[in-house]
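Participant: Let me begin by handing over the structure; questions about it come next.
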There are 2 protein chains.
Amino acid sequence: MDIISSLSDLRAARLSFEGTVGLVPTMGYLHEGHLSLVSRARAENEHVIVTIFVNPTQFGANEDLSKYPRDLDRDLSLLRPLGVDVVWTPSAEMMYPPGYQTWVEVEALTHPLEGSMRPGHFKGVTTIVAKLFNATQPHKAYFGQKDAQQVAVIRRMVVDLNFPLEVIVCPTQREADGLAMSSRNKYLNEAERKAATVLFRALRAAKELYEAGERDAEILRIKMKEVLEMEPLAKMQYVSCADYDSLEELDVLKGRALLSMAVFLGKTRLIDNFVLG
Amino acid sequence: MDIISSLSDLRAARLSFEGTVGLVPTMGYLHEGHLSLVSRARAENEHVIVTIFVNPTQFGANEDLSKYPRDLDRDLSLLRPLGVDVVWTPSAEMMYPPGYQTWVEVEALTHPLEGSMRPGHFKGVTTIVAKLFNATQPHKAYFGQKDAQQVAVIRRMVVDLNFPLEVIVCPTQREADGLAMSSRNKYLNEAERKAATVLFRALRAAKELYEAGERDAEILRIKMKEVLEMEPLAKMQYVSCADYDSLEELDVLKGRALLSMAVFLGKTRLIDNFVLG
């Protein structure tokens, strides 16, 4: 497993590869969710590149960039058994040198949900992902369904900009009690960690209504809110029942839909989602 | 020479290439300037792709998109003797299908000069060039110095977004009387065509001052204006003496500088430039 920081070394490594290349872009502090992406990439490609880069441009001014958890040694020890060819760990100074001034933006899909709560977030995401795609030239790139809107936005960018690659979306990995795995779970204290299952419980409650035949989107949103409100440590930011492709809020469910939410546990902001249909 | 319109056929052709690929992106209605790019690409690469696409998103609402000259048969007959492997002629509907919503933007470099006169122009340019790069995956891409700011903007985009390719800039091709070759020269009537040499004459006059030792940028701008004002059919839009890399207007020339201008001859807008130093 080569651990590479410079772009020129990455390019040299990439040029040495024959056959298909799978890319797993990460911000490090890896958990089972990331590792499931790596395992799938390993199974489906002749070479696997994992990138570890905490991308400053996708964090808002008041967000957790400076305290975002980092532990490269731990990350590398988790990746070593998985047969990764290259781990690329570029620096922020290299990715955004003085004079940097180019941005990739997706429009409508980035406006609701996370986009409305985190202005500029997706501009940072699409820009860094375009850079990672160009730097690594993958045949397939692996993302987790946990970040549902990110997946929708990146799929749109790939089609719109004619990137010659396939986006592979992998299921959300969960703890035994249902909490979606996230590097940010580390921020939770014991009580918050216990309360954090409320996202999963709210989604599950709405899904049960759906499976019982409910197709009124507002009733599903209300059910999610009700469950969240029963948890005193949780503070809802939004709940959504939206079209899976357009991310527009639904009145009536037909076809694939996305239940999603953002919830604060103390100062920690968590997101989760279920796909229906 | 394969003439291809679909993206899937282009991708198949691209996958069949071994060795280096040179890309010459054009809007068609080819002239000696384009052909010089193709010849250089042919000399430097194992395969050459020429794209012909009049990109609607780089034209303003009041610009000449609908009447921009088109003659595919003529273009193809000019390209055939040059050893081009593939000519890609995508449609606007294919490049910007319903739901299209992704844009690539370069910031500071697109603000002055052409950017200030043609709002949105460079957003269209960088977006389509990114799409063409992704679709054709070239090792080298060829652009003419005639569009000096476009060259600066695309070079910046390539570095910023980590495109794995080299931008090759080729000299402006000129008619015998100095007029820079441009597909838009076709719009000029006889009197305008004769008057159009004023851009070249103004640039040459400023360059002569520079070569005689003048380093005051304002004096060079004034000289260009004086020459333009002597031509009754010409109406200056801007003249500039700017830093070659930043495109910021200069007070004093040191290092490489760009003399540039936009001038109307009747309804036809022409641009031209000289590089100094």
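Naming works like this for the structure tokens: A, B, ... for the chains as they're shown, residue 1 at the start of each chain, ligands 1 onward in shown order.
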Wanna dump the chain B-chain A contacts at 10 Å for me, each residue with its shortest atom pair and the distance in Å to one decimal, counting only C-alpha atoms, ordered by chain and number, as a Markdown table?
Facilitator:
```
| residue | atom | partner | partner_atom | distance |
| --- | --- | --- | --- | --- |
| B:Leu7 | CA | A:Asn162 | CA | 8.6 |
| B:Arg11 | CA | A:Pro164 | CA | 8.1 |
| B:Met94 | CA | A:Asp160 | CA | 9.9 |
| B:Met95 | CA | A:Asp160 | CA | 7.8 |
| B:Tyr96 | CA | A:Asp160 | CA | 7.6 |
| B:Pro97 | CA | A:Asp160 | CA | 8.5 |
| B:Gly99 | CA | A:Ala108 | CA | 8.8 |
| B:Tyr100 | CA | A:Asp160 | CA | 6.1 |
| B:Gln101 | CA | A:Glu107 | CA | 5.2 |
| B:Thr102 | CA | A:Val106 | CA | 4.3 |
| B:Trp103 | CA | A:Glu105 | CA | 5.3 |
| B:Val104 | CA | A:Val104 | CA | 4.5 |
| B:Glu105 | CA | A:Trp103 | CA | 5.3 |
| B:Val106 | CA | A:Thr102 | CA | 4.3 |
| B:Glu107 | CA | A:Gln101 | CA | 5.2 |
| B:Ala108 | CA | A:Gln101 | CA | 6.8 |
| B:Leu109 | CA | A:Gln101 | CA | 8.3 |
| B:Thr110 | CA | A:Gln101 | CA | 10.0 |
| B:Thr126 | CA | A:Thr102 | CA | 9.5 |
| B:Thr127 | CA | A:Leu161 | CA | 7.6 |
| B:Ile128 | CA | A:Leu161 | CA | 8.1 |
| B:Val129 | CA | A:Leu161 | CA | 9.5 |
| B:Ala130 | CA | A:Leu161 | CA | 6.8 |
| B:Lys131 | CA | A:Leu161 | CA | 4.8 |
| B:Leu132 | CA | A:Asn162 | CA | 7.8 |
| B:Phe133 | CA | A:Asn162 | CA | 8.7 |
| B:Asn134 | CA | A:Phe163 | CA | 5.1 |
| B:Ala135 | CA | A:Asn162 | CA | 5.6 |
| B:Thr136 | CA | A:Pro164 | CA | 9.0 |
| B:Gln137 | CA | A:Pro164 | CA | 8.6 |
| B:Val153 | CA | A:Thr102 | CA | 9.4 |
| B:Arg156 | CA | A:Thr102 | CA | 7.7 |
| B:Met157 | CA | A:Thr102 | CA | 6.0 |
| B:Val158 | CA | A:Thr102 | CA | 9.2 |
| B:Val159 | CA | A:Tyr100 | CA | 8.8 |
| B:Asp160 | CA | A:Thr102 | CA | 6.0 |
| B:Leu161 | CA | A:Lys131 | CA | 4.8 |
| B:Asn162 | CA | A:Lys131 | CA | 5.5 |
| B:Phe163 | CA | A:Asn134 | CA | 5.1 |
| B:Pro164 | CA | A:Asn134 | CA | 6.5 |
| B:Leu165 | CA | A:Asn134 | CA | 9.7 |
| B:Ser246 | CA | A:Gly99 | CA | 9.4 |
```
Participant: Show me, as a short mmCIF file (atom, residue, chain, number, x, y, z; two decimals) with N, CA and C atoms, in the first residue's frame, the residues that have an atom within 7 Å of segment 146-149 of chain A when counting only C-alpha atoms, minus same-chain residues fewer than 3 positions from it.
Facilitator:
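So the final result, stored in selection.cif, reads:
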```cif
data_model
loop_
_atom_site.label_atom_id
_atom_site.label_comp_id
_atom_site.auth_asym_id
_atom_site.auth_seq_id
_atom_site.Cartn_x
_atom_site.Cartn_y
_atom_site.Cartn_z
N ALA A 152 -26.80 12.29 -4.78
CA ALA A 152 -27.62 12.82 -5.88
C ALA A 152 -26.87 13.91 -6.64
N VAL A 153 -26.20 14.77 -5.89
CA VAL A 153 -25.48 15.90 -6.50
C VAL A 153 -24.30 15.40 -7.32
N THR A 172 -25.90 2.47 3.76
CA THR A 172 -25.48 3.04 5.04
C THR A 172 -25.15 1.91 6.02
N ASP A 272 -29.37 11.49 8.61
CA ASP A 272 -29.65 10.09 8.28
C ASP A 272 -30.79 10.07 7.26
N ASN A 273 -30.98 8.93 6.62
CA ASN A 273 -32.04 8.82 5.62
C ASN A 273 -32.40 7.38 5.35
#
```
Participant: Select from segment 126-276 of chain A everything DSSP, run on the backbone, classes as strand (DSSP E), then give the selection as a VMD selection string.
Facilitator: chain A and resid 140 to 144 166 to 170 234 to 243 257 to 265 268 to 276
Participant: How about saving the chosen residues, N, CA and C atoms kept, as a tab-separated table (two decimals), in the first residue's frame?
Facilitator:
```tsv
chain	number	residue	atom	x	y	z
A	140	LYS	N	-14.63	3.65	-11.50
A	140	LYS	CA	-15.79	3.67	-10.60
A	140	LYS	C	-15.41	4.44	-9.34
A	141	ALA	N	-16.39	5.19	-8.82
A	141	ALA	CA	-16.15	5.94	-7.58
A	141	ALA	C	-17.25	5.57	-6.60
A	142	TYR	N	-16.88	5.36	-5.34
A	142	TYR	CA	-17.77	4.77	-4.34
A	142	TYR	C	-18.14	5.79	-3.28
A	143	PHE	N	-19.45	5.92	-3.07
A	143	PHE	CA	-19.98	6.85	-2.07
A	143	PHE	C	-21.04	6.13	-1.24
A	144	GLY	N	-21.24	6.62	-0.02
A	144	GLY	CA	-22.22	6.00	0.88
A	144	GLY	C	-23.58	6.67	0.77
A	166	GLU	N	-18.34	5.62	-13.33
A	166	GLU	CA	-19.61	5.19	-12.77
A	166	GLU	C	-19.62	5.49	-11.27
A	167	VAL	N	-20.70	6.07	-10.79
A	167	VAL	CA	-20.85	6.32	-9.36
A	167	VAL	C	-21.55	5.12	-8.73
A	168	ILE	N	-20.90	4.51	-7.74
A	168	ILE	CA	-21.48	3.35	-7.06
A	168	ILE	C	-21.89	3.80	-5.65
A	169	VAL	N	-23.16	3.58	-5.35
A	169	VAL	CA	-23.69	4.01	-4.06
A	169	VAL	C	-23.86	2.78	-3.17
A	170	CYS	N	-23.29	2.83	-1.98
A	170	CYS	CA	-23.29	1.68	-1.07
A	170	CYS	C	-24.16	1.98	0.14
A	234	ALA	N	-32.57	15.77	21.57
A	234	ALA	CA	-32.51	15.97	20.12
A	234	ALA	C	-33.20	17.27	19.73
A	235	LYS	N	-32.58	18.01	18.82
A	235	LYS	CA	-33.21	19.22	18.30
A	235	LYS	C	-33.24	19.12	16.77
A	236	MET	N	-34.44	18.97	16.24
A	236	MET	CA	-34.59	18.77	14.80
A	236	MET	C	-34.16	20.02	14.02
A	237	GLN	N	-33.45	19.84	12.94
A	237	GLN	CA	-33.20	20.96	12.03
A	237	GLN	C	-34.15	20.88	10.84
A	238	TYR	N	-34.26	19.73	10.21
A	238	TYR	CA	-35.31	19.52	9.20
A	238	TYR	C	-35.66	18.04	9.12
A	239	VAL	N	-36.88	17.76	8.67
A	239	VAL	CA	-37.22	16.42	8.19
A	239	VAL	C	-37.78	16.60	6.78
A	240	SER	N	-37.59	15.60	5.96
A	240	SER	CA	-37.99	15.72	4.56
A	240	SER	C	-38.52	14.39	4.04
A	241	CYS	N	-39.52	14.50	3.18
A	241	CYS	CA	-39.96	13.35	2.40
A	241	CYS	C	-40.01	13.84	0.95
A	242	ALA	N	-38.98	13.52	0.19
A	242	ALA	CA	-38.75	14.16	-1.11
A	242	ALA	C	-38.63	13.12	-2.22
A	243	ASP	N	-38.81	13.57	-3.43
A	243	ASP	CA	-38.56	12.73	-4.60
A	243	ASP	C	-37.09	12.32	-4.60
A	257	ALA	N	-38.72	7.46	-3.11
A	257	ALA	CA	-38.71	8.66	-2.28
A	257	ALA	C	-37.56	8.59	-1.28
A	258	LEU	N	-37.18	9.75	-0.77
A	258	LEU	CA	-36.11	9.83	0.21
A	258	LEU	C	-36.66	10.46	1.48
A	259	LEU	N	-36.64	9.69	2.57
A	259	LEU	CA	-36.90	10.25	3.90
A	259	LEU	C	-35.55	10.70	4.44
A	260	SER	N	-35.45	11.95	4.87
A	260	SER	CA	-34.16	12.37	5.41
A	260	SER	C	-34.35	13.41	6.50
A	261	MET	N	-33.30	13.61	7.26
A	261	MET	CA	-33.38	14.56	8.38
A	261	MET	C	-32.00	14.99	8.84
A	262	ALA	N	-31.97	16.16	9.48
A	262	ALA	CA	-30.78	16.63	10.18
A	262	ALA	C	-31.22	16.98	11.59
A	263	VAL	N	-30.45	16.52	12.56
A	263	VAL	CA	-30.83	16.64	13.96
A	263	VAL	C	-29.59	16.97	14.78
A	264	PHE	N	-29.72	17.95	15.67
A	264	PHE	CA	-28.64	18.24	16.61
A	264	PHE	C	-28.80	17.39	17.86
A	265	LEU	N	-27.70	16.77	18.28
A	265	LEU	CA	-27.59	16.18	19.61
A	265	LEU	C	-26.56	17.01	20.33
A	268	THR	N	-23.63	18.52	18.24
A	268	THR	CA	-23.28	17.64	17.12
A	268	THR	C	-24.46	17.50	16.17
A	269	ARG	N	-24.19	17.79	14.91
A	269	ARG	CA	-25.24	17.73	13.89
A	269	ARG	C	-25.14	16.38	13.17
A	270	LEU	N	-26.22	15.60	13.22
A	270	LEU	CA	-26.22	14.29	12.56
A	270	LEU	C	-27.27	14.27	11.45
A	271	ILE	N	-26.99	13.51	10.39
A	271	ILE	CA	-27.99	13.31	9.33
A	271	ILE	C	-28.19	11.82	9.12
A	272	ASP	N	-29.37	11.49	8.61
A	272	ASP	CA	-29.65	10.09	8.28
A	272	ASP	C	-30.79	10.07	7.26
A	273	ASN	N	-30.98	8.93	6.62
A	273	ASN	CA	-32.04	8.82	5.62
A	273	ASN	C	-32.40	7.38	5.35
A	274	PHE	N	-33.61	7.19	4.84
A	274	PHE	CA	-34.06	5.90	4.30
A	274	PHE	C	-34.56	6.16	2.88
A	275	VAL	N	-34.35	5.19	2.01
A	275	VAL	CA	-34.94	5.25	0.68
A	275	VAL	C	-36.19	4.38	0.68
A	276	LEU	N	-37.29	4.92	0.18
A	276	LEU	CA	-38.55	4.17	0.08
A	276	LEU	C	-38.85	3.89	-1.39
```
Participant: Please determine, counting only C-alpha atoms, which residue among A:His139, A:Leu209, A:Glu226, A:Gly33 has the shortest atom-to-atom distance to Leu179 of chain A.
Facilitator: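 Among the listed residues, A:Gly33 lies closest to Leu179 of chain A.
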Participant: Mind giving me the straight-line distance from atom CA of Val50 of chain B to atom CA of Phe122 of chain B in Å, one decimal?
Facilitator: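 That distance, rounded to one decimal, is 20.7 Å.
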